[in-house]
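Text of query-v4.pdb, listed as PDB, C-alpha atoms:
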```pdb
ATOM      1  CA  MET L  67      15.469 -19.548-106.914
ATOM      2  CA  ILE L  68      15.440 -16.016-108.260
ATOM      3  CA  LYS L  69      15.747 -14.533-104.782
ATOM      4  CA  ARG L  70      18.704 -16.778-103.987
ATOM      5  CA  SER L  71      20.409 -15.945-107.248
ATOM      6  CA  LEU L  72      20.114 -12.247-106.454
ATOM      7  CA  LEU L  73      21.233 -12.632-102.839
ATOM      8  CA  LEU L  74      24.670 -14.086-103.610
ATOM      9  CA  PRO L  75      25.833 -11.188-105.841
ATOM     10  CA  LEU L  76      24.568  -8.693-103.272
ATOM     11  CA  LEU L  77      26.526 -10.420-100.514
ATOM     12  CA  LEU L  78      29.636 -10.481-102.655
ATOM     13  CA  VAL L  79      29.292  -6.764-103.419
ATOM     14  CA  ALA L  80      28.710  -5.954 -99.741
ATOM     15  CA  GLY L  81      31.733  -8.022 -98.777
ATOM     16  CA  GLY L  82      33.857  -6.268-101.370
ATOM     17  CA  LEU L  83      32.778  -2.833-100.141
ATOM     18  CA  GLN L  84      33.541  -3.809 -96.547
ATOM     19  CA  ALA L  85      37.008  -5.025 -97.542
ATOM     20  CA  GLN L  86      37.645  -1.727 -99.318
ATOM     21  CA  GLU L  87      36.568   0.234 -96.227
ATOM     22  CA  GLN L  88      38.893  -1.785 -94.019
ATOM     23  CA  ALA L  89      41.903  -1.567 -96.325
ATOM     24  CA  PRO L  90      44.526   0.754 -94.807
ATOM     25  CA  ASP L  91      45.067   4.060 -96.575
ATOM     26  CA  LEU L  92      48.792   3.705 -97.187
ATOM     27  CA  ASP L  93      49.029   6.966 -99.132
ATOM     28  CA  LYS L  94      47.702   8.875 -96.126
ATOM     29  CA  ALA L  95      49.954   6.871 -93.835
ATOM     30  CA  LYS L  96      52.972   7.792 -95.944
ATOM     31  CA  GLN L  97      52.015  11.455 -95.695
ATOM     32  CA  ILE L  98      51.684  11.228 -91.903
ATOM     33  CA  ALA L  99      54.989   9.391 -91.679
ATOM     34  CA  GLU L 100      56.755  12.059 -93.737
ATOM     35  CA  THR L 101      55.270  15.018 -91.857
ATOM     36  CA  ILE L 102      54.837  13.808 -88.267
ATOM     37  CA  CYS L 103      56.820  10.625 -87.648
ATOM     38  CA  ALA L 104      59.924  11.448 -89.693
ATOM     39  CA  ALA L 105      61.523  13.759 -87.120
ATOM     40  CA  CYS L 106      62.050  10.881 -84.679
ATOM     41  CA  HIS L 107      61.712   7.677 -86.686
ATOM     42  CA  ALA L 108      62.630   8.801 -90.248
ATOM     43  CA  ALA L 109      60.035   8.686 -93.015
ATOM     44  CA  ASP L 110      60.756   5.027 -93.761
ATOM     45  CA  GLY L 111      60.905   3.969 -90.116
ATOM     46  CA  ASN L 112      64.688   3.587 -90.010
ATOM     47  CA  SER L 113      65.447   5.873 -87.093
ATOM     48  CA  GLN L 114      68.958   7.254 -86.882
ATOM     49  CA  LEU L 115      68.820   7.772 -83.113
ATOM     50  CA  PRO L 116      69.060   4.841 -80.666
ATOM     51  CA  ALA L 117      66.580   6.556 -78.342
ATOM     52  CA  ASN L 118      63.897   6.171 -81.006
ATOM     53  CA  PRO L 119      63.127   2.637 -82.187
ATOM     54  CA  LYS L 120      63.311   1.423 -85.743
ATOM     55  CA  LEU L 121      59.736   0.862 -86.977
ATOM     56  CA  ALA L 122      60.589  -0.434 -90.433
ATOM     57  CA  GLY L 123      59.745  -4.113 -90.813
ATOM     58  CA  GLN L 124      58.107  -4.317 -87.378
ATOM     59  CA  ILE L 125      55.018  -6.508 -86.926
ATOM     60  CA  PRO L 126      51.966  -4.384 -87.901
ATOM     61  CA  GLU L 127      49.716  -5.722 -85.135
ATOM     62  CA  TYR L 128      52.370  -4.828 -82.571
ATOM     63  CA  LEU L 129      52.814  -1.301 -83.959
ATOM     64  CA  TYR L 130      49.048  -0.742 -83.917
ATOM     65  CA  LYS L 131      48.820  -1.958 -80.317
ATOM     66  CA  GLN L 132      51.550   0.440 -79.221
ATOM     67  CA  LEU L 133      49.994   3.422 -80.986
ATOM     68  CA  ARG L 134      46.615   2.705 -79.401
ATOM     69  CA  GLU L 135      48.207   2.411 -75.968
ATOM     70  CA  PHE L 136      50.021   5.727 -76.309
ATOM     71  CA  LYS L 137      46.614   7.399 -76.789
ATOM     72  CA  ALA L 138      44.197   8.270 -73.993
ATOM     73  CA  HIS L 139      40.763   6.634 -74.327
ATOM     74  CA  ASP L 140      37.493   7.503 -72.585
ATOM     75  CA  GLY L 141      39.170  10.003 -70.283
ATOM     76  CA  GLN L 142      41.650   7.410 -68.985
ATOM     77  CA  LYS L 143      45.414   7.843 -68.977
ATOM     78  CA  PRO L 144      47.303   6.126 -71.806
ATOM     79  CA  VAL L 145      48.310   2.548 -71.047
ATOM     80  CA  ARG L 146      51.843   3.326 -72.181
ATOM     81  CA  ASP L 147      53.216   6.520 -70.668
ATOM     82  CA  ASN L 148      55.259   8.676 -73.029
ATOM     83  CA  ALA L 149      54.533  12.389 -73.279
ATOM     84  CA  VAL L 150      55.882  12.815 -76.810
ATOM     85  CA  MET L 151      54.168   9.774 -78.289
ATOM     86  CA  SER L 152      50.906  10.482 -76.456
ATOM     87  CA  ALA L 153      50.816  13.936 -78.011
ATOM     88  CA  MET L 154      51.405  12.443 -81.460
ATOM     89  CA  ALA L 155      48.864   9.655 -81.007
ATOM     90  CA  ALA L 156      46.221  12.112 -79.795
ATOM     91  CA  THR L 157      45.945  13.513 -83.318
ATOM     92  CA  LEU L 158      45.435  10.113 -84.965
ATOM     93  CA  GLU L 159      42.191   8.306 -85.742
ATOM     94  CA  ASP L 160      42.068   4.546 -85.301
ATOM     95  CA  SER L 161      42.185   4.102 -89.079
ATOM     96  CA  ASP L 162      45.334   6.260 -89.205
ATOM     97  CA  MET L 163      47.019   4.051 -86.608
ATOM     98  CA  ARG L 164      46.176   0.896 -88.533
ATOM     99  CA  ALA L 165      47.427   2.432 -91.757
ATOM    100  CA  LEU L 166      50.667   3.661 -90.169
ATOM    101  CA  ALA L 167      51.275   0.233 -88.677
ATOM    102  CA  HIS L 168      50.940  -1.397 -92.094
ATOM    103  CA  TYR L 169      52.989   1.324 -93.791
ATOM    104  CA  PHE L 170      55.975   1.001 -91.457
ATOM    105  CA  SER L 171      55.800  -2.788 -91.432
ATOM    106  CA  SER L 172      56.080  -2.766 -95.230
ATOM    107  CA  GLN L 173      59.316  -0.754 -95.155
ATOM    108  CA  THR L 174      62.677  -2.516 -95.273
ATOM    109  CA  GLN L 175      64.592  -2.355 -92.032
ATOM    110  CA  LYS L 176      68.208  -1.176 -92.113
ATOM    111  CA  PRO L 177      69.398  -3.397 -89.273
ATOM    112  CA  GLU L 178      71.810  -2.499 -86.533
ATOM    113  CA  PRO L 179      74.741  -4.818 -85.812
ATOM    114  CA  ALA L 180      75.713  -6.323 -82.485
ATOM    115  CA  LYS L 181      78.575  -4.217 -81.131
ATOM    116  CA  SER L 182      80.107  -6.080 -78.209
ATOM    117  CA  LEU L 183      82.136  -9.215 -78.954
ATOM    118  CA  THR L 184      82.771  -9.708 -75.239
ATOM    119  CA  THR L 185      79.077 -10.272 -74.407
ATOM    120  CA  VAL L 186      77.983 -12.336 -77.423
ATOM    121  CA  GLU L 187      78.226 -15.681 -75.618
ATOM    122  CA  ALA L 188      76.300 -14.462 -72.572
ATOM    123  CA  GLY L 189      73.628 -12.811 -74.714
ATOM    124  CA  GLN L 190      73.261 -15.896 -76.869
ATOM    125  CA  LYS L 191      72.747 -18.161 -73.854
ATOM    126  CA  ILE L 192      70.008 -15.935 -72.435
ATOM    127  CA  TRP L 193      68.333 -15.619 -75.826
ATOM    128  CA  ARG L 194      68.368 -19.335 -76.592
ATOM    129  CA  ALA L 195      68.017 -20.937 -73.179
ATOM    130  CA  GLY L 196      67.180 -18.246 -70.625
ATOM    131  CA  ILE L 197      68.634 -18.452 -67.123
ATOM    132  CA  ALA L 198      67.247 -21.556 -65.422
ATOM    133  CA  SER L 199      68.639 -20.712 -61.999
ATOM    134  CA  LYS L 200      66.610 -17.471 -61.977
ATOM    135  CA  GLY L 201      63.517 -18.781 -63.706
ATOM    136  CA  VAL L 202      64.171 -16.630 -66.771
ATOM    137  CA  PRO L 203      62.742 -18.203 -69.949
ATOM    138  CA  ALA L 204      64.470 -18.109 -73.308
ATOM    139  CA  CYS L 205      63.815 -14.887 -75.230
ATOM    140  CA  ALA L 206      63.474 -16.999 -78.375
ATOM    141  CA  ALA L 207      60.348 -18.652 -76.968
ATOM    142  CA  CYS L 208      58.331 -15.467 -77.590
ATOM    143  CA  HIS L 209      60.441 -13.404 -79.960
ATOM    144  CA  GLY L 210      61.510 -16.264 -82.233
ATOM    145  CA  PRO L 211      64.920 -17.923 -82.726
ATOM    146  CA  ALA L 212      65.954 -15.202 -85.182
ATOM    147  CA  GLY L 213      64.260 -12.356 -83.315
ATOM    148  CA  GLY L 214      61.410 -11.958 -85.803
ATOM    149  CA  GLY L 215      58.734 -11.714 -83.113
ATOM    150  CA  LEU L 216      55.196 -13.061 -83.018
ATOM    151  CA  PRO L 217      52.051 -11.037 -83.790
ATOM    152  CA  ALA L 218      50.627  -9.120 -82.071
ATOM    153  CA  GLN L 219      52.172  -9.037 -78.638
ATOM    154  CA  TYR L 220      55.820  -9.925 -79.137
ATOM    155  CA  PRO L 221      57.812  -7.482 -81.272
ATOM    156  CA  LYS L 222      60.591  -8.114 -83.715
ATOM    157  CA  LEU L 223      63.876  -7.372 -81.926
ATOM    158  CA  SER L 224      66.403  -8.390 -84.576
ATOM    159  CA  GLY L 225      68.190  -5.395 -86.051
ATOM    160  CA  GLN L 226      66.760  -3.053 -83.410
ATOM    161  CA  PHE L 227      69.032  -0.599 -81.621
ATOM    162  CA  ALA L 228      70.595  -2.451 -78.690
ATOM    163  CA  GLU L 229      70.377   0.762 -76.684
ATOM    164  CA  TYR L 230      66.620   0.980 -77.252
ATOM    165  CA  THR L 231      65.989  -2.664 -76.327
ATOM    166  CA  GLU L 232      68.155  -2.214 -73.234
ATOM    167  CA  ALA L 233      66.198   0.884 -72.203
ATOM    168  CA  GLN L 234      62.868  -0.915 -72.609
ATOM    169  CA  LEU L 235      64.000  -3.892 -70.536
ATOM    170  CA  LYS L 236      65.131  -1.556 -67.777
ATOM    171  CA  GLY L 237      61.839   0.323 -68.107
ATOM    172  CA  PHE L 238      59.901  -2.897 -67.538
ATOM    173  CA  ARG L 239      62.141  -3.755 -64.590
ATOM    174  CA  ASP L 240      61.882  -0.332 -62.972
ATOM    175  CA  GLY L 241      58.131   0.073 -63.478
ATOM    176  CA  LEU L 242      58.436   2.801 -66.114
ATOM    177  CA  ARG L 243      56.703   0.611 -68.700
ATOM    178  CA  SER L 244      53.860  -1.785 -67.940
ATOM    179  CA  ASN L 245      51.931  -2.524 -71.142
ATOM    180  CA  ASP L 246      53.258  -6.043 -71.574
ATOM    181  CA  PRO L 247      50.845  -9.026 -71.747
ATOM    182  CA  SER L 248      50.204 -10.509 -68.296
ATOM    183  CA  ARG L 249      53.149  -8.511 -66.845
ATOM    184  CA  MET L 250      55.443 -11.080 -68.447
ATOM    185  CA  MET L 251      58.288  -8.736 -69.335
ATOM    186  CA  GLN L 252      58.085  -6.983 -65.991
ATOM    187  CA  MET L 253      58.538 -10.267 -64.126
ATOM    188  CA  ILE L 254      61.374 -11.369 -66.409
ATOM    189  CA  ALA L 255      63.238  -8.060 -66.325
ATOM    190  CA  LEU L 256      63.133  -7.970 -62.524
ATOM    191  CA  LYS L 257      65.374 -11.044 -62.539
ATOM    192  CA  LEU L 258      68.011  -9.597 -64.873
ATOM    193  CA  THR L 259      71.097  -7.609 -63.948
ATOM    194  CA  ASP L 260      72.204  -4.581 -65.941
ATOM    195  CA  ALA L 261      74.993  -6.671 -67.488
ATOM    196  CA  GLU L 262      72.570  -9.428 -68.546
ATOM    197  CA  ILE L 263      70.163  -6.904 -70.052
ATOM    198  CA  LYS L 264      72.956  -5.240 -72.006
ATOM    199  CA  ALA L 265      74.285  -8.585 -73.273
ATOM    200  CA  VAL L 266      70.955  -9.921 -74.531
ATOM    201  CA  ALA L 267      69.948  -6.566 -76.059
ATOM    202  CA  ASP L 268      73.179  -6.407 -78.026
ATOM    203  CA  TYR L 269      72.856 -10.036 -79.135
ATOM    204  CA  ALA L 270      69.291  -9.413 -80.337
ATOM    205  CA  ALA L 271      70.455  -6.491 -82.474
ATOM    206  CA  GLY L 272      72.744  -8.800 -84.423
ATOM    207  CA  LEU L 273      70.098 -11.454 -85.155
ATOM    208  CA  ARG L 274      68.834 -11.844 -88.709
TER
END
```
This structure in structure tokens:
Amino acid sequence: MIKRSLLLPLLLVAGGLQAQEQAPDLDKAKQIAETICAACHAADGNSQLPANPKLAGQIPEYLYKQLREFKAHDGQKPVRDNAVMSAMAATLEDSDMRALAHYFSSQTQKPEPAKSLTTVEAGQKIWRAGIASKGVPACAACHGPAGGGLPAQYPKLSGQFAEYTEAQLKGFRDGLRSNDPSRMMQMIALKLTDAEIKAVADYAAGLR
């Protein structure tokens, strides 16, 4: 009985210490964000440039996955090819990536609006129902009806720069990006025209 009574407190202490070790260092993440990430994404993750995605409010598991895939591991090329981001990720430890992912996800996104009234209907149809004749599934099936995304593979797209989402879809289509689960986005994007990509990207930006 004495041994059992001593074992439980020890397990609780060990569990508490492990939880502390795994907790992301948000103070360090904030410092990294302000000194390294801010030039492209702003310190709070609300990028001012459409070429650089908004990170604020993004799903933390998705952000962590992207950071890991920008970094080379075991002498292999990064899964996601981007010279600038690979150079940044090379300086980060795994714990830094986890902390940055949680830091940016905790920031409040300053959302972008949809800009094209002429493509709203087309974008909405693709988002909600896909394009049956082409075998294109609804975007909402993976990214959510309101564009909030699903951890960890499907990012939040609502409020994102339409230009950035458009560029990523074209990247998947043209083979410039290939880190999607089961090549899903590559297969979908291959079936979309430039006009369809632009319409759904703009519609996604306006979702809330």
Write out as a count of residues only each polymer residue whose atoms come within 12 Å of range 142-144 of chain L, counting only C-alpha atoms; drop sequence neighbours fewer than 4 positions from it. 19
Quick one: apply the PyMOL selection byres ((chain L and resi 178) around 12) to the file and drop the selected residues here as a ChimeraX atom specification. /L:112-116,119-120,175-177,179-181,223-231,267-274
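Every residue that the PyMOL selection byres ((chain L and resi 166) around 9) selects in this file is listed here: Pro90, Asp91, Leu92, Lys94, Ala95, Lys96, Ile98, Ala99, Pro126, Leu129, Tyr130, Ser161, Asp162, Met163, Arg164, Ala165, Ala167, His168, Tyr169, Phe170 and Ser171 of chain L.
Comparing the minimum interatomic distances between Ile263 in chain L and each of L:Gly111, L:Gly210, L:Gly196, L:Gly123, counting only C-alpha atoms, we find that L:Gly196 sits nearest.
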At a cut-off of 8 Å, using all atoms listed in the file, what residues contact Met251 in chain L? Leave out same-chain residues fewer than 3 positions from it and give the result as a tab-separated table (two decimals) with C-alpha atoms, keeping the file's coordinate frame.
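Output (out.tsv):
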```tsv
chain	number	residue	atom	x	y	z
L	235	LEU	CA	64.00	-3.89	-70.54
L	238	PHE	CA	59.90	-2.90	-67.54
L	239	ARG	CA	62.14	-3.76	-64.59
L	246	ASP	CA	53.26	-6.04	-71.57
L	247	PRO	CA	50.84	-9.03	-71.75
L	254	ILE	CA	61.37	-11.37	-66.41
L	255	ALA	CA	63.24	-8.06	-66.32
```
Computed gap from CA of Asp110 in chain L to CA of Gln173 in chain L is 6.1 Å
Computed gap from CA of Glu232 in chain L to CA of Asp260 in chain L is 8.7 Å
For this structure, which residues satisfy the selection - the PyMOL selection byres ((chain L and resi 184-195) around 8) - when it is evaluated on the file as given? I want them as a PyMOL selection string. chain L and resi 182-183+196-198+203-206+211+262+265-270
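Shortest separation to Ser248 in chain L among L:Thr101, L:Leu158, L:Lys236, L:Gln219 occurs at residue L:Gln219, atoms counted being all atoms listed in the file.
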Atomic distance CA of His107 in chain L - CA of Glu159 in chain L, expressed in Å with one decimal |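 Distance reported for this atom pair: 19.6 Å.
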(message) When you look at Glu100 in chain L with a cut-off of 6 Å (counting only C-alpha atoms), what residues show up, excluding the ones that are within fewer than 3 positions of it in the same chain? I need them as a list in words.
(response) Gln97, Ala104 and Ala109 of chain L
Provide an axis-aligned box for all listed atoms of range 235-250 of chain L, padding each side by 5 Å; report its centre and its edge lengths in Å to one decimal, as JSON.
```
{"center_x": 57.7, "center_y": -4.1, "center_z": -67.4, "size_x": 24.9, "size_y": 23.9, "size_z": 18.8}
```
ask   = Can you list, as JSON, numbers by chain, every protein, DNA or RNA residue that comes within 9 Å of Tyr220 in chain L when you count all atoms listed in the file, leaving out same-chain residues fewer than 4 positions away?
value = {"L": [125, 128, 208, 209, 214, 215, 216, 246, 247]}
| For Val202 in chain L, the nearest of the candidates L:Leu258, L:Ala218, L:Met154, L:Ile102, counting only C-alpha atoms |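 Closest candidate: L:Leu258.
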Some atoms are missing, so please complete range 95-118 of chain L with N, CA and C atoms and return it as a PDB file, in the coordinates of the input.
```pdb
ATOM      1  N   ALA L  95      48.960   7.269 -94.828  1.00  0.00           N
ATOM      2  CA  ALA L  95      49.954   6.871 -93.835  1.00  0.00           C
ATOM      3  C   ALA L  95      51.341   7.388 -94.203  1.00  0.00           C
ATOM      4  N   LYS L  96      51.675   7.304 -95.477  1.00  0.00           N
ATOM      5  CA  LYS L  96      52.972   7.792 -95.944  1.00  0.00           C
ATOM      6  C   LYS L  96      53.095   9.297 -95.689  1.00  0.00           C
ATOM      7  N   GLN L  97      52.008  10.011 -95.919  1.00  0.00           N
ATOM      8  CA  GLN L  97      52.015  11.455 -95.695  1.00  0.00           C
ATOM      9  C   GLN L  97      52.213  11.772 -94.213  1.00  0.00           C
ATOM     10  N   ILE L  98      51.524  11.032 -93.344  1.00  0.00           N
ATOM     11  CA  ILE L  98      51.684  11.228 -91.903  1.00  0.00           C
ATOM     12  C   ILE L  98      53.110  10.900 -91.482  1.00  0.00           C
ATOM     13  N   ALA L  99      53.623   9.802 -92.023  1.00  0.00           N
ATOM     14  CA  ALA L  99      54.989   9.391 -91.679  1.00  0.00           C
ATOM     15  C   ALA L  99      56.001  10.457 -92.072  1.00  0.00           C
ATOM     16  N   GLU L 100      55.801  11.065 -93.230  1.00  0.00           N
ATOM     17  CA  GLU L 100      56.755  12.059 -93.737  1.00  0.00           C
ATOM     18  C   GLU L 100      56.649  13.396 -93.017  1.00  0.00           C
ATOM     19  N   THR L 101      55.469  13.700 -92.479  1.00  0.00           N
ATOM     20  CA  THR L 101      55.270  15.018 -91.857  1.00  0.00           C
ATOM     21  C   THR L 101      55.308  14.987 -90.329  1.00  0.00           C
ATOM     22  N   ILE L 102      54.920  13.879 -89.727  1.00  0.00           N
ATOM     23  CA  ILE L 102      54.837  13.808 -88.267  1.00  0.00           C
ATOM     24  C   ILE L 102      55.878  12.853 -87.673  1.00  0.00           C
ATOM     25  N   CYS L 103      55.973  11.668 -88.239  1.00  0.00           N
ATOM     26  CA  CYS L 103      56.820  10.625 -87.648  1.00  0.00           C
ATOM     27  C   CYS L 103      58.297  10.779 -88.008  1.00  0.00           C
ATOM     28  N   ALA L 104      58.562  11.423 -89.142  1.00  0.00           N
ATOM     29  CA  ALA L 104      59.924  11.448 -89.693  1.00  0.00           C
ATOM     30  C   ALA L 104      60.951  12.066 -88.759  1.00  0.00           C
ATOM     31  N   ALA L 105      60.565  13.059 -87.978  1.00  0.00           N
ATOM     32  CA  ALA L 105      61.523  13.759 -87.120  1.00  0.00           C
ATOM     33  C   ALA L 105      62.209  12.815 -86.134  1.00  0.00           C
ATOM     34  N   CYS L 106      61.478  11.808 -85.667  1.00  0.00           N
ATOM     35  CA  CYS L 106      62.050  10.881 -84.679  1.00  0.00           C
ATOM     36  C   CYS L 106      62.385   9.510 -85.250  1.00  0.00           C
ATOM     37  N   HIS L 107      61.558   9.048 -86.208  1.00  0.00           N
ATOM     38  CA  HIS L 107      61.712   7.677 -86.686  1.00  0.00           C
ATOM     39  C   HIS L 107      62.178   7.585 -88.138  1.00  0.00           C
ATOM     40  N   ALA L 108      62.344   8.725 -88.813  1.00  0.00           N
ATOM     41  CA  ALA L 108      62.630   8.801 -90.248  1.00  0.00           C
ATOM     42  C   ALA L 108      61.385   8.386 -91.029  1.00  0.00           C
ATOM     43  N   ALA L 109      61.249   8.907 -92.222  1.00  0.00           N
ATOM     44  CA  ALA L 109      60.035   8.686 -93.015  1.00  0.00           C
ATOM     45  C   ALA L 109      59.813   7.222 -93.348  1.00  0.00           C
ATOM     46  N   ASP L 110      60.901   6.448 -93.438  1.00  0.00           N
ATOM     47  CA  ASP L 110      60.756   5.027 -93.761  1.00  0.00           C
ATOM     48  C   ASP L 110      60.867   4.134 -92.525  1.00  0.00           C
ATOM     49  N   GLY L 111      60.868   4.752 -91.347  1.00  0.00           N
ATOM     50  CA  GLY L 111      60.905   3.969 -90.116  1.00  0.00           C
ATOM     51  C   GLY L 111      62.278   3.518 -89.677  1.00  0.00           C
ATOM     52  N   ASN L 112      63.321   3.949 -90.390  1.00  0.00           N
ATOM     53  CA  ASN L 112      64.688   3.587 -90.010  1.00  0.00           C
ATOM     54  C   ASN L 112      65.329   4.731 -89.228  1.00  0.00           C
ATOM     55  N   SER L 113      64.936   4.821 -87.963  1.00  0.00           N
ATOM     56  CA  SER L 113      65.447   5.873 -87.093  1.00  0.00           C
ATOM     57  C   SER L 113      66.965   5.895 -87.093  1.00  0.00           C
ATOM     58  N   GLN L 114      67.514   7.103 -86.963  1.00  0.00           N
ATOM     59  CA  GLN L 114      68.958   7.254 -86.882  1.00  0.00           C
ATOM     60  C   GLN L 114      69.439   7.398 -85.439  1.00  0.00           C
ATOM     61  N   LEU L 115      68.479   7.524 -84.507  1.00  0.00           N
ATOM     62  CA  LEU L 115      68.820   7.772 -83.113  1.00  0.00           C
ATOM     63  C   LEU L 115      68.428   6.573 -82.253  1.00  0.00           C
ATOM     64  N   PRO L 116      69.356   6.014 -81.485  1.00  0.00           N
ATOM     65  CA  PRO L 116      69.060   4.841 -80.666  1.00  0.00           C
ATOM     66  C   PRO L 116      67.934   5.040 -79.654  1.00  0.00           C
ATOM     67  N   ALA L 117      67.664   6.300 -79.294  1.00  0.00           N
ATOM     68  CA  ALA L 117      66.580   6.556 -78.342  1.00  0.00           C
ATOM     69  C   ALA L 117      65.212   6.311 -78.962  1.00  0.00           C
ATOM     70  N   ASN L 118      65.164   6.350 -80.291  1.00  0.00           N
ATOM     71  CA  ASN L 118      63.897   6.171 -81.006  1.00  0.00           C
ATOM     72  C   ASN L 118      63.952   4.869 -81.794  1.00  0.00           C
TER      73      ASN L 118
END
```
